Amino acid sequence: MVIPVPVLLSLLAAFALTIVPLPGAIATARPEWVLLVLVYWGMAFPRRVGILVAFLAGLFLDVLQHQLLGQNALALAAAMFIVLQIYPRLRVYPLWQQAVVVAFLVGLTRFLNIWIQGAIGFPPGSNLYWLPILTSALLWPVVYHILRDARRRWLLHLT
Amino acid sequence: MVLIALALMALDHRFYQLQTLRSVLATVAYPLQLAVDAPIRVGSRILDSFSRHEQLVLENRLLRSDLMELRARQLRFDALQAENDRLRALLHTSAQATERVEIAKLLAVDLDPFRQQIVINKGRLDGVYAGQPLINADGVIGQILTPNWTSSTALLISDPGHALPVIVARTGLRALAVGSGNPRRLNLRHVPPQEDIEEGDLLLTSGLGGRFPSDYPVARIVSVEHLPGQPFLVIAAEPLAALDRSREALLLWTDAPAPQPGAEEQPDGRE
């Protein structure tokens with residue numbers, strides 16, 4: 001299965017957004033862009049964008065953020081596994097309900113990350129760590145509309 | 001997948017074989033980091049080009065006078081260095097290592113907001129090694145954590161996982177400056193209450209850790225508290241280098257970079 005170019009481009013944009021410097025006050029609220037994009041494509045093309053893609057994206061994210069290799073890979077692969085289990089339902093959910101699922105998935109990845117960081121010694125000590133759950137859910141409709149339009153324009157022939 | 005991820009994490013944490021994989025991926029990531037960094041750099045350059053002529057002239061004049069002064073001091077410094085070497089030779093102690101510096105630029109990219117790390121644009125190709133000290137014109141910034149081929153990740157002294165052996169310049173008291181996660185604050189651990197230490201004291205690197213050369217300024221003490229019932233003083237210090245605002249850093253090579261086994265290991269600040 002070939003991964004379409006728009007999917008790769010959107011992932012690249014998500015990586016860039018993940019490392020764009022933000023002012024200190026809102027840096028902790030940065031949404032999990034990579035996860036949002038992966039969730040959308042996993043939902044749209046479950047047979048093309050699967051656990052392996054999520055794993056590799058996570059590995060790249062680990063290097064970008066200088067985390068332990070495999071930390072984000074594990075979290076994103078786990079989230080993608082859930083998406084692949086429920087994608088038929090996810091597609092017909094209204095947008096706000098999808099956002100709730102996304103919030104749950106972000107929470108899961110954050111939880112796996114803090115668990116691993118705690119195991120190796122330095123868990124982030126602040127409750128602000130959980131803020132991306134909220135911001136990711138709030139930004140889900142935006143991501144959804146952008147990626148849906150992209151899919152309708154360039155990838156309508158794919159399943 | 002889960003097993004692979006767990007194996008990767010264990011390998012990365014315990015051993016250092018994955019350095020090549022990380023380097024390869026980091027080399028792929030480098031163009032992306034540059035692309036994110038570029039608009040910000042261009043923006044600041046445009047702002048620069050709009051700054052007024054008189055301002056530039058004024059700045060130029062200031063820099064010139066600074067340069068004069070520093071040159072004059074440098075003259076005396078060379079003489080003192082020679083004298084110091086001669087005296088040391090007389091006393092049959094080892095000569096101080098000479099040092100070489102190179103300027104590295106910080107890339108404007110964000111890492112994990114809960115860790116104090118930066119990315120610089122020099123890597124193993126430029127001779128950067130793990131554990132290498134990083135300073136700027138005001139004081140110590142941090143040390144290299146992972147050198148990749150073209151870029152490196154560095155740990156700031158304010159990271160909670162970083163501990164730096166220091167001495168108080170006034171009294172010679174040795175202490176450990178541990179990062180707090182806040183770039184404007186370091187904590188001094190394990191200083192008993194009877195010690196002579198007060199607000200405004202300057203902290204220098206002691207060179208005891210073997211990684212930083214001695215006598216580089218690190219921080220200035222901002223508060224000393226003695227809480228009754230606590231065995232040690234609670235001491236806060238503010239780093240002299242603006243850790244969260246600098247755009248450039250100086251990489252420091254001491255003459256003989258002693259290769260240290262497992263040098264990527266962070267100095268552990270926790271007990």
# chains A, B, ... in the order shown; residues from 1 in each chain; ligands from 1

call {"tool": "interface_residues", "arguments": {"of": "chain B", "to": "chain A", "cutoff": "8 Å", "atoms": "only C-alpha atoms", "output": "PyMOL selection string"}}
result
chain B and resi 1-2+5-6+8-9+12-13+22+25-26+29+32-33+36-37+108-115+153+160-161

call {"tool": "select_by_dssp", "arguments": {"residues": "range 25-265 of chain B", "states": "strand (DSSP E or B)", "output": "PyMOL selection string"}}
result
chain B and resi 99-106+117-120+133-135+140-147+152-156+163-168+174-179+186-189+202-205+217-225+234-239+248-254

call {"tool": "residues_around", "arguments": {"residues": "Val143 in chain A", "least_positions_apart": "4", "cutoff": "9 Å", "atoms": "only C-alpha atoms", "output": "VMD selection string"}}
result
chain A and resid 33 36 to 37 40 139 147 to 148

call {"tool": "write_last_selection", "arguments": {"atoms": "C-alpha atoms", "output": "PDB file, in the first residue's frame"}}
result
ATOM      1  CA  TRP A  33      -0.605  17.837  15.897  1.00  0.00           C
ATOM      2  CA  LEU A  36      -4.571  14.682  15.190  1.00  0.00           C
ATOM      3  CA  VAL A  37      -3.360  14.212  11.621  1.00  0.00           C
ATOM      4  CA  TYR A  40      -7.851  11.667  10.590  1.00  0.00           C
ATOM      5  CA  LEU A 139      -8.672  22.178  17.416  1.00  0.00           C
ATOM      6  CA  LEU A 147      -7.842  17.475   5.922  1.00  0.00           C
ATOM      7  CA  ARG A 148     -11.311  16.583   4.642  1.00  0.00           C
TER       8      ARG A 148
END

call {"tool": "residues_around", "arguments": {"residues": "Leu155 in chain B", "least_positions_apart": "4", "cutoff": "7 Å", "atoms": "only C-alpha atoms", "output": "PyMOL selection string"}}
result
chain B and resi 116-118+142-145+159

call {"tool": "select_by_dssp", "arguments": {"residues": "range 53-204 of chain B", "states": "helix (DSSP H, G or I)", "output": "PyMOL selection string"}}
result
chain B and resi 53-91+124-126

call {"tool": "atom_distance", "arguments": {"atom1": "CA of Asn148 in chain B", "atom2": "CA of Pro31 in chain B"}}
result
13.3 Å

call {"tool": "decode", "arguments": {"residues": "range 38-142 of chain B", "atoms": "C-alpha atoms", "output": "short mmCIF file (atom, residue, chain, number, x, y, z; two decimals), in the first residue's frame"}}
result
data_model
loop_
_atom_site.label_atom_id
_atom_site.label_comp_id
_atom_site.auth_asym_id
_atom_site.auth_seq_id
_atom_site.Cartn_x
_atom_site.Cartn_y
_atom_site.Cartn_z
CA ALA B 38 14.34 30.12 8.85
CA PRO B 39 11.23 32.37 8.92
CA ILE B 40 12.02 33.41 12.47
CA ARG B 41 15.59 34.23 11.56
CA VAL B 42 14.49 36.16 8.47
CA GLY B 43 11.94 38.03 10.57
CA SER B 44 14.54 39.19 13.05
CA ARG B 45 16.83 40.18 10.17
CA ILE B 46 14.05 42.30 8.64
CA LEU B 47 13.49 43.95 12.00
CA ASP B 48 17.22 44.63 12.13
CA SER B 49 17.18 46.26 8.72
CA PHE B 50 14.45 48.63 9.88
CA SER B 51 16.38 49.81 12.91
CA ARG B 52 17.39 53.43 12.59
CA HIS B 53 20.68 54.70 11.34
CA GLU B 54 21.53 56.69 14.48
CA GLN B 55 20.85 53.66 16.59
CA LEU B 56 23.27 51.61 14.54
CA VAL B 57 25.93 54.29 14.80
CA LEU B 58 25.43 54.45 18.55
CA GLU B 59 25.64 50.69 18.87
CA ASN B 60 28.73 50.63 16.71
CA ARG B 61 30.40 53.24 18.89
CA LEU B 62 29.56 51.31 22.05
CA LEU B 63 30.89 48.09 20.61
CA ARG B 64 34.06 49.86 19.52
CA SER B 65 34.73 51.19 22.99
CA ASP B 66 33.99 47.76 24.46
CA LEU B 67 36.43 46.20 22.04
CA MET B 68 39.14 48.72 22.99
CA GLU B 69 38.68 47.99 26.64
CA LEU B 70 38.68 44.24 26.18
CA ARG B 71 41.78 44.42 23.99
CA ALA B 72 43.59 46.42 26.65
CA ARG B 73 42.62 43.84 29.24
CA GLN B 74 43.66 41.04 26.94
CA LEU B 75 47.17 42.55 26.79
CA ARG B 76 47.53 42.20 30.50
CA PHE B 77 45.86 38.80 30.47
CA ASP B 78 48.48 37.37 28.11
CA ALA B 79 51.27 38.66 30.35
CA LEU B 80 49.58 37.23 33.43
CA GLN B 81 49.01 33.89 31.72
CA ALA B 82 52.71 33.67 30.85
CA GLU B 83 53.66 34.59 34.39
CA ASN B 84 51.23 32.04 35.78
CA ASP B 85 52.66 29.31 33.57
CA ARG B 86 56.19 30.23 34.66
CA LEU B 87 55.26 30.13 38.34
CA ARG B 88 53.47 26.84 37.88
CA ALA B 89 56.52 25.42 36.17
CA LEU B 90 58.62 26.60 39.14
CA LEU B 91 56.23 24.83 41.49
CA HIS B 92 56.21 21.73 39.28
CA THR B 93 52.45 21.68 38.98
CA SER B 94 50.66 20.95 35.75
CA ALA B 95 50.08 23.84 33.41
CA GLN B 96 46.52 24.95 32.87
CA ALA B 97 44.92 23.56 29.78
CA THR B 98 44.50 26.00 26.95
CA GLU B 99 41.04 26.35 25.50
CA ARG B 100 39.51 26.83 22.11
CA VAL B 101 36.03 28.21 21.46
CA GLU B 102 33.69 28.20 18.50
CA ILE B 103 30.40 29.99 18.04
CA ALA B 104 27.29 27.87 17.54
CA LYS B 105 23.83 29.17 16.70
CA LEU B 106 20.77 28.05 18.56
CA LEU B 107 17.98 26.81 16.31
CA ALA B 108 14.62 28.32 17.12
CA VAL B 109 12.78 25.07 17.70
CA ASP B 110 10.85 23.93 20.73
CA LEU B 111 11.52 20.63 22.40
CA ASP B 112 9.57 19.20 25.28
CA PRO B 113 8.38 22.25 27.27
CA PHE B 114 9.04 20.43 30.54
CA ARG B 115 12.71 19.82 29.83
CA GLN B 116 15.34 22.51 29.43
CA GLN B 117 17.04 21.53 26.21
CA ILE B 118 18.23 23.37 23.13
CA VAL B 119 19.37 22.46 19.62
CA ILE B 120 22.53 24.01 18.16
CA ASN B 121 23.75 23.96 14.57
CA LYS B 122 27.10 22.26 15.20
CA GLY B 123 27.54 18.52 15.29
CA ARG B 124 30.02 15.72 15.27
CA LEU B 125 31.37 16.91 11.92
CA ASP B 126 32.58 20.04 13.74
CA GLY B 127 34.18 18.03 16.51
CA VAL B 128 31.40 18.32 19.06
CA TYR B 129 31.42 15.56 21.67
CA ALA B 130 28.99 14.48 24.37
CA GLY B 131 29.48 16.27 27.66
CA GLN B 132 31.13 19.24 26.01
CA PRO B 133 30.65 22.51 27.94
CA LEU B 134 28.60 25.28 26.37
CA ILE B 135 29.02 28.88 27.52
CA ASN B 136 28.16 32.36 26.34
CA ALA B 137 29.67 35.75 27.05
CA ASP B 138 28.04 35.92 30.50
CA GLY B 139 28.55 32.47 31.89
CA VAL B 140 27.92 28.76 31.62
CA ILE B 141 24.85 27.63 29.65
CA GLY B 142 24.95 23.85 29.69
#
